[in-house]
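Text of the file run-v1.cif, holding mmCIF, C-alpha atoms:
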data_work
loop_
_atom_site.group_PDB
_atom_site.id
_atom_site.type_symbol
_atom_site.label_atom_id
_atom_site.label_comp_id
_atom_site.auth_asym_id
_atom_site.auth_seq_id
_atom_site.Cartn_x
_atom_site.Cartn_y
_atom_site.Cartn_z
ATOM 1 C CA MET A 115 25.569 0.336 38.483
ATOM 2 C CA LYS A 116 28.751 -0.712 40.242
ATOM 3 C CA THR A 117 27.049 -0.875 43.648
ATOM 4 C CA THR A 118 24.207 -2.959 42.209
ATOM 5 C CA THR A 119 26.483 -5.540 40.612
ATOM 6 C CA GLY A 120 28.702 -5.513 43.693
ATOM 7 C CA LYS A 121 25.754 -6.781 45.746
ATOM 8 C CA TRP A 122 25.579 -9.899 43.590
ATOM 9 C CA TRP A 123 28.985 -11.114 44.702
ATOM 10 C CA ARG A 124 28.915 -10.014 48.334
ATOM 11 C CA PRO A 125 28.627 -13.010 50.680
ATOM 12 C CA ARG A 126 25.486 -13.247 52.757
ATOM 13 C CA THR A 127 25.869 -12.488 56.426
ATOM 14 C CA ALA A 128 23.353 -15.117 57.475
ATOM 15 C CA ALA A 129 23.913 -17.564 60.304
ATOM 16 C CA ASN A 130 25.763 -20.815 59.792
ATOM 17 C CA PRO A 131 24.083 -23.281 57.446
ATOM 18 C CA ASP A 132 21.414 -25.510 58.964
ATOM 19 C CA TRP A 133 22.991 -28.937 58.419
ATOM 20 C CA GLN A 134 19.910 -30.804 59.581
ATOM 21 C CA ASP A 135 17.713 -28.993 57.056
ATOM 22 C CA ALA A 136 20.318 -29.445 54.317
ATOM 23 C CA LEU A 137 20.447 -33.201 54.975
ATOM 24 C CA TRP A 138 16.638 -33.468 54.753
ATOM 25 C CA SER A 139 16.819 -31.586 51.428
ATOM 26 C CA TRP A 140 19.507 -33.987 50.230
ATOM 27 C CA LEU A 141 17.457 -36.996 51.315
ATOM 28 C CA GLY A 142 14.394 -35.700 49.470
ATOM 29 C CA ALA A 143 16.271 -34.938 46.265
ATOM 30 C CA PHE A 144 18.132 -38.251 46.394
ATOM 31 C CA SER A 145 14.919 -40.196 47.032
ATOM 32 C CA GLY A 146 12.795 -38.321 44.501
ATOM 33 C CA MET A 147 15.276 -38.452 41.648
ATOM 34 C CA GLY A 148 16.289 -41.972 42.682
ATOM 35 C CA ALA A 149 12.686 -43.152 42.410
ATOM 36 C CA ILE A 150 12.331 -41.592 38.972
ATOM 37 C CA CYS A 151 15.626 -43.083 37.777
ATOM 38 C CA TRP A 152 14.788 -46.528 39.162
ATOM 39 C CA LEU A 153 11.345 -46.515 37.542
ATOM 40 C CA SER A 154 12.827 -45.274 34.292
ATOM 41 C CA ALA A 155 15.465 -48.012 34.237
ATOM 42 C CA HIS A 156 13.484 -50.972 35.564
ATOM 43 C CA TRP A 157 9.780 -50.516 35.091
ATOM 44 C CA LEU A 158 9.409 -48.049 32.260
ATOM 45 C CA ALA A 159 12.585 -48.851 30.348
ATOM 46 C CA SER A 160 10.939 -48.107 27.009
ATOM 47 C CA HIS A 161 9.580 -44.741 28.199
ATOM 48 C CA LEU A 162 11.331 -41.480 28.875
ATOM 49 C CA LEU A 163 10.802 -40.447 32.498
ATOM 50 C CA ILE A 164 13.715 -38.105 33.206
ATOM 51 C CA VAL A 165 13.762 -34.494 31.995
ATOM 52 C CA ALA A 166 16.009 -31.582 32.937
ATOM 53 C CA SER A 167 13.264 -29.547 34.609
ATOM 54 C CA PHE A 168 13.058 -32.185 37.362
ATOM 55 C CA GLY A 169 16.374 -30.967 38.753
ATOM 56 C CA ALA A 170 14.911 -27.521 39.388
ATOM 57 C CA THR A 171 11.673 -29.035 40.696
ATOM 58 C CA SER A 172 13.784 -30.995 43.184
ATOM 59 C CA VAL A 173 15.366 -27.798 44.492
ATOM 60 C CA LEU A 174 11.948 -26.295 45.151
ATOM 61 C CA LEU A 175 10.297 -29.411 46.598
ATOM 62 C CA TYR A 176 13.101 -30.480 48.883
ATOM 63 C CA ALA A 177 15.154 -27.356 49.644
ATOM 64 C CA ALA A 178 12.360 -24.746 49.642
ATOM 65 C CA PRO A 179 9.167 -26.678 50.407
ATOM 66 C CA GLU A 180 7.540 -23.593 51.937
ATOM 67 C CA SER A 181 7.795 -21.662 48.655
ATOM 68 C CA PRO A 182 4.520 -20.986 46.844
ATOM 69 C CA PHE A 183 6.244 -22.356 43.719
ATOM 70 C CA ALA A 184 6.764 -25.716 45.478
ATOM 71 C CA GLN A 185 3.138 -26.348 46.440
ATOM 72 C CA PRO A 186 1.512 -29.441 44.904
ATOM 73 C CA ARG A 187 -0.964 -27.582 42.689
ATOM 74 C CA ASN A 188 1.778 -25.356 41.289
ATOM 75 C CA VAL A 189 4.169 -28.243 40.705
ATOM 76 C CA LEU A 190 1.703 -30.518 38.934
ATOM 77 C CA VAL A 191 -0.612 -28.084 37.127
ATOM 78 C CA GLY A 192 2.111 -25.559 36.324
ATOM 79 C CA SER A 193 4.375 -28.233 34.842
ATOM 80 C CA VAL A 194 1.704 -30.091 32.851
ATOM 81 C CA LEU A 195 0.098 -26.876 31.585
ATOM 82 C CA SER A 196 3.474 -25.510 30.492
ATOM 83 C CA ALA A 197 4.373 -28.765 28.762
ATOM 84 C CA LEU A 198 1.050 -28.623 26.881
ATOM 85 C CA VAL A 199 1.885 -25.094 25.760
ATOM 86 C CA GLY A 200 5.334 -26.238 24.654
ATOM 87 C CA VAL A 201 3.950 -29.155 22.640
ATOM 88 C CA ALA A 202 1.414 -26.862 20.968
ATOM 89 C CA CYS A 203 4.178 -24.427 19.999
ATOM 90 C CA TYR A 204 6.307 -27.254 18.626
ATOM 91 C CA GLN A 205 3.378 -28.755 16.689
ATOM 92 C CA LEU A 206 2.493 -25.386 15.142
ATOM 93 C CA LEU A 207 5.947 -23.909 14.549
ATOM 94 C CA GLY A 208 8.430 -26.778 14.674
ATOM 95 C CA HIS A 209 11.941 -26.441 16.020
ATOM 96 C CA THR A 210 12.228 -22.661 15.545
ATOM 97 C CA ALA A 211 13.314 -19.664 17.577
ATOM 98 C CA LEU A 212 9.735 -18.389 17.511
ATOM 99 C CA ALA A 213 8.477 -21.706 18.933
ATOM 100 C CA VAL A 214 11.043 -21.503 21.750
ATOM 101 C CA THR A 215 10.169 -17.892 22.500
ATOM 102 C CA LEU A 216 6.429 -18.522 22.516
ATOM 103 C CA ALA A 217 6.686 -21.771 24.487
ATOM 104 C CA VAL A 218 8.470 -20.094 27.392
ATOM 105 C CA SER A 219 6.549 -16.810 27.361
ATOM 106 C CA LEU A 220 3.109 -18.380 26.875
ATOM 107 C CA SER A 221 3.779 -20.962 29.591
ATOM 108 C CA ILE A 222 4.567 -18.137 31.999
ATOM 109 C CA LEU A 223 1.379 -16.359 30.957
ATOM 110 C CA ALA A 224 -0.696 -19.526 31.411
ATOM 111 C CA MET A 225 0.806 -20.265 34.831
ATOM 112 C CA GLN A 226 0.238 -16.710 36.031
ATOM 113 C CA LEU A 227 -3.374 -16.655 34.824
ATOM 114 C CA THR A 228 -4.109 -19.980 36.540
ATOM 115 C CA HIS A 229 -2.161 -19.122 39.729
ATOM 116 C CA THR A 230 0.060 -22.173 39.221
ATOM 117 C CA VAL A 231 3.494 -20.596 38.732
ATOM 118 C CA HIS A 232 6.224 -23.220 38.972
ATOM 119 C CA PRO A 233 9.466 -21.938 37.363
ATOM 120 C CA PRO A 234 10.596 -25.386 36.142
ATOM 121 C CA GLY A 235 7.335 -25.479 34.177
ATOM 122 C CA ALA A 236 8.810 -22.996 31.709
ATOM 123 C CA ALA A 237 11.748 -25.380 31.309
ATOM 124 C CA ALA A 238 9.293 -28.204 30.551
ATOM 125 C CA ALA A 239 7.783 -25.997 27.819
ATOM 126 C CA LEU A 240 11.257 -25.264 26.452
ATOM 127 C CA VAL A 241 12.200 -28.954 26.403
ATOM 128 C CA ALA A 242 9.025 -29.703 24.427
ATOM 129 C CA VAL A 243 10.445 -27.570 21.608
ATOM 130 C CA ILE A 244 14.196 -28.251 21.800
ATOM 131 C CA GLY A 245 14.192 -31.733 23.327
ATOM 132 C CA GLY A 246 15.005 -33.539 20.114
ATOM 133 C CA PRO A 247 13.489 -36.577 18.414
ATOM 134 C CA ARG A 248 12.779 -38.562 21.559
ATOM 135 C CA ILE A 249 10.635 -35.757 23.006
ATOM 136 C CA ALA A 250 9.041 -34.987 19.634
ATOM 137 C CA GLU A 251 7.980 -38.639 19.287
ATOM 138 C CA LEU A 252 6.002 -38.348 22.501
ATOM 139 C CA GLY A 253 3.870 -35.573 21.044
ATOM 140 C CA TRP A 254 0.842 -34.848 23.217
ATOM 141 C CA TRP A 255 1.883 -37.584 25.672
ATOM 142 C CA TYR A 256 4.901 -35.537 26.799
ATOM 143 C CA PRO A 257 2.922 -33.378 29.286
ATOM 144 C CA PHE A 258 1.593 -36.511 30.992
ATOM 145 C CA MET A 259 4.496 -38.909 30.596
ATOM 146 C CA PRO A 260 7.182 -37.916 31.662
ATOM 147 C CA ILE A 261 6.111 -34.518 33.064
ATOM 148 C CA GLY A 262 2.919 -35.406 34.950
ATOM 149 C CA ALA A 263 4.145 -38.819 36.084
ATOM 150 C CA GLY A 264 7.535 -37.514 37.216
ATOM 151 C CA CYS A 265 6.020 -34.583 39.102
ATOM 152 C CA THR A 266 3.573 -36.941 40.811
ATOM 153 C CA ILE A 267 6.405 -39.216 41.953
ATOM 154 C CA MET A 268 8.431 -36.275 43.258
ATOM 155 C CA LEU A 269 5.368 -34.866 45.038
ATOM 156 C CA LEU A 270 4.740 -38.182 46.788
ATOM 157 C CA VAL A 271 8.367 -38.256 47.961
ATOM 158 C CA ALA A 272 8.103 -34.596 49.066
ATOM 159 C CA LEU A 273 4.984 -35.393 51.104
ATOM 160 C CA LEU A 274 6.818 -38.212 52.844
ATOM 161 C CA VAL A 275 10.274 -36.701 53.393
ATOM 162 C CA ASN A 276 9.174 -33.157 54.226
ATOM 163 C CA ASN A 277 6.704 -34.405 56.829
ATOM 164 C CA LEU A 278 9.129 -36.844 58.461
ATOM 165 C CA ALA A 279 11.274 -33.919 59.562
ATOM 166 C CA ARG A 280 9.813 -32.339 62.691
ATOM 167 C CA HIS A 281 10.643 -28.812 61.578
ATOM 168 C CA ARG A 282 9.023 -29.116 58.130
ATOM 169 C CA ARG A 283 5.420 -29.254 56.977
ATOM 170 C CA TYR A 284 4.411 -29.908 53.408
ATOM 171 C CA PRO A 285 2.336 -28.723 51.747
ATOM 172 C CA SER A 286 2.611 -25.276 53.253
ATOM 173 C CA ARG A 287 -0.459 -24.288 55.206
ATOM 174 C CA GLY A 288 0.124 -20.564 54.856
#
Once you've parsed the file, please lay out its structure as structure tokens.
Amino acid sequence: MKTTTGKWWRPRTAANPDWQDALWSWLGAFSGMGAICWLSAHWLASHLLIVASFGATSVLLYAAPESPFAQPRNVLVGSVLSALVGVACYQLLGHTALAVTLAVSLSILAMQLTHTVHPPGAAAALVAVIGGPRIAELGWWYPFMPIGAGCTIMLLVALLVNNLARHRRYPSRG
């Protein structure tokens, strides 16, 4: 056990960080989240457009665009499908531990069965249950606004930023 846990804390022996790639990732995350924040504040001021799962989606879209989890179908379908599962669990079971447990586990099941695994999707399902009154008020709109709309905005930014860099191609063709 000690050798296994010791591996967790051992520094990687990889080459120096790729600053150019890191700056493209920063630009994508800044632009994607900036667009969502600007729209939320100026155009859709009465609507919720920012949710916690978008932070993790940003990591995948802009820092790991080649990941299968970052591909457009996975991002959009996986997130919306998971949010639908989360809303259903909340509607049926309310704000309970069972609703939380089922929202996350059933969203994973649904994403795996549809080949649309996007890890932040499970967070979108979780937020549907524990997100509080503002999320609950959205009801069945939550999967589409903010989840679907926000993912679409971030995908558009990912298509632009990840294809401006010569060493990146998005979506992945492999």
Taking all atoms listed in the file into account, which of A:Ala184, A:Met225, A:Val218, A:Ala239 comes nearest Ala166 in chain A?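 Using all atoms listed in the file, Ala166 in chain A sits closest to A:Ala239.
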Apply the PyMOL selection byres ((chain A and resi 269) around 9) to the structure shown and report the selected residues as a VMD selection string. chain A and resid 146 175 185 to 186 189 to 190 264 to 268 270 to 274
Any idea what the distance is between CA of Ile261 in chain A and CA of Leu163 in chain A?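 Separating CA of Ile261 in chain A from CA of Leu163 in chain A is a distance of 7.6 Å.
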Find the residue from A:Ala177, A:Met259, A:Val199, A:Ala149 that sits nearest to Gln134 in chain A; use only C-alpha atoms when measuring. A:Ala177
Return as a ChimeraX atom specification the set of residues that the PyMOL selection byres ((chain A and resi 138) around 8) yields on the displayed structure. /A:134-137,139-142,176,275-276,279
Might you pull out every residue within 12 Å of Trp255 in chain A, with all atoms listed in the file counted and same-chain residues fewer than 6 positions away left off, and present them as number ranges by chain? A: 161-163, 194, 197-198, 200-202, 242, 248-249, 261-263
Could you tell me how far CA of His232 in chain A lies from CA of Leu195 in chain A, in Å and to one decimal?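 Computed distance, CA of His232 in chain A to CA of Leu195 in chain A, equals 10.3 Å.
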Applying 8 Å and all atoms listed in the file, which residues near Met147 in chain A remain after dropping the ones on its own chain fewer than 2 positions away? List them as an MDAnalysis selection string. chainID A and resid 143:145 149:151 168 172 268
Could you work out how far CA of Phe183 in chain A lies from CA of Glu251 in chain A, giving the answer in Å with one decimal? 29.4 Å
Between A:Val231, A:Val243, A:Leu278, A:Leu153, which is the closest to Gly192 in chain A once you count only C-alpha atoms?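 That would be A:Val231, the residue with the smallest distance to Gly192 in chain A.
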Which polymer residues have any atom within 12 Å of an atom of Thr228 in chain A, counting all atoms listed in the file, with same-chain residues fewer than 5 positions away left out, as a PyMOL selection string? chain A and resi 187-188+191-193+195-196+221-223
For a quick check of understanding, using all atoms listed in the file, which of A:Ala250, A:Pro234, A:Ala170, A:Val165 has the smallest distance to Tyr204 in chain A? A:Ala250
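When all atoms listed in the file are used to measure the gap to Ser286 in chain A, the shortest distance among A:Leu252, A:Ala178, A:Ala155, A:Val173 belongs to A:Ala178.
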Which polymer residues have any atom within 7 Å of an atom of range 207-215 of chain A, counting all atoms listed in the file, with same-chain residues fewer than 4 positions away left out, as a tab-separated table (two decimals) with C-alpha atoms, in the frame of the given file?
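Result went into part-v2.tsv, see below:
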chain	number	residue	atom	x	y	z
A	203	CYS	CA	4.18	-24.43	20.00
A	219	SER	CA	6.55	-16.81	27.36
A	240	LEU	CA	11.26	-25.26	26.45
A	243	VAL	CA	10.44	-27.57	21.61
A	244	ILE	CA	14.20	-28.25	21.80
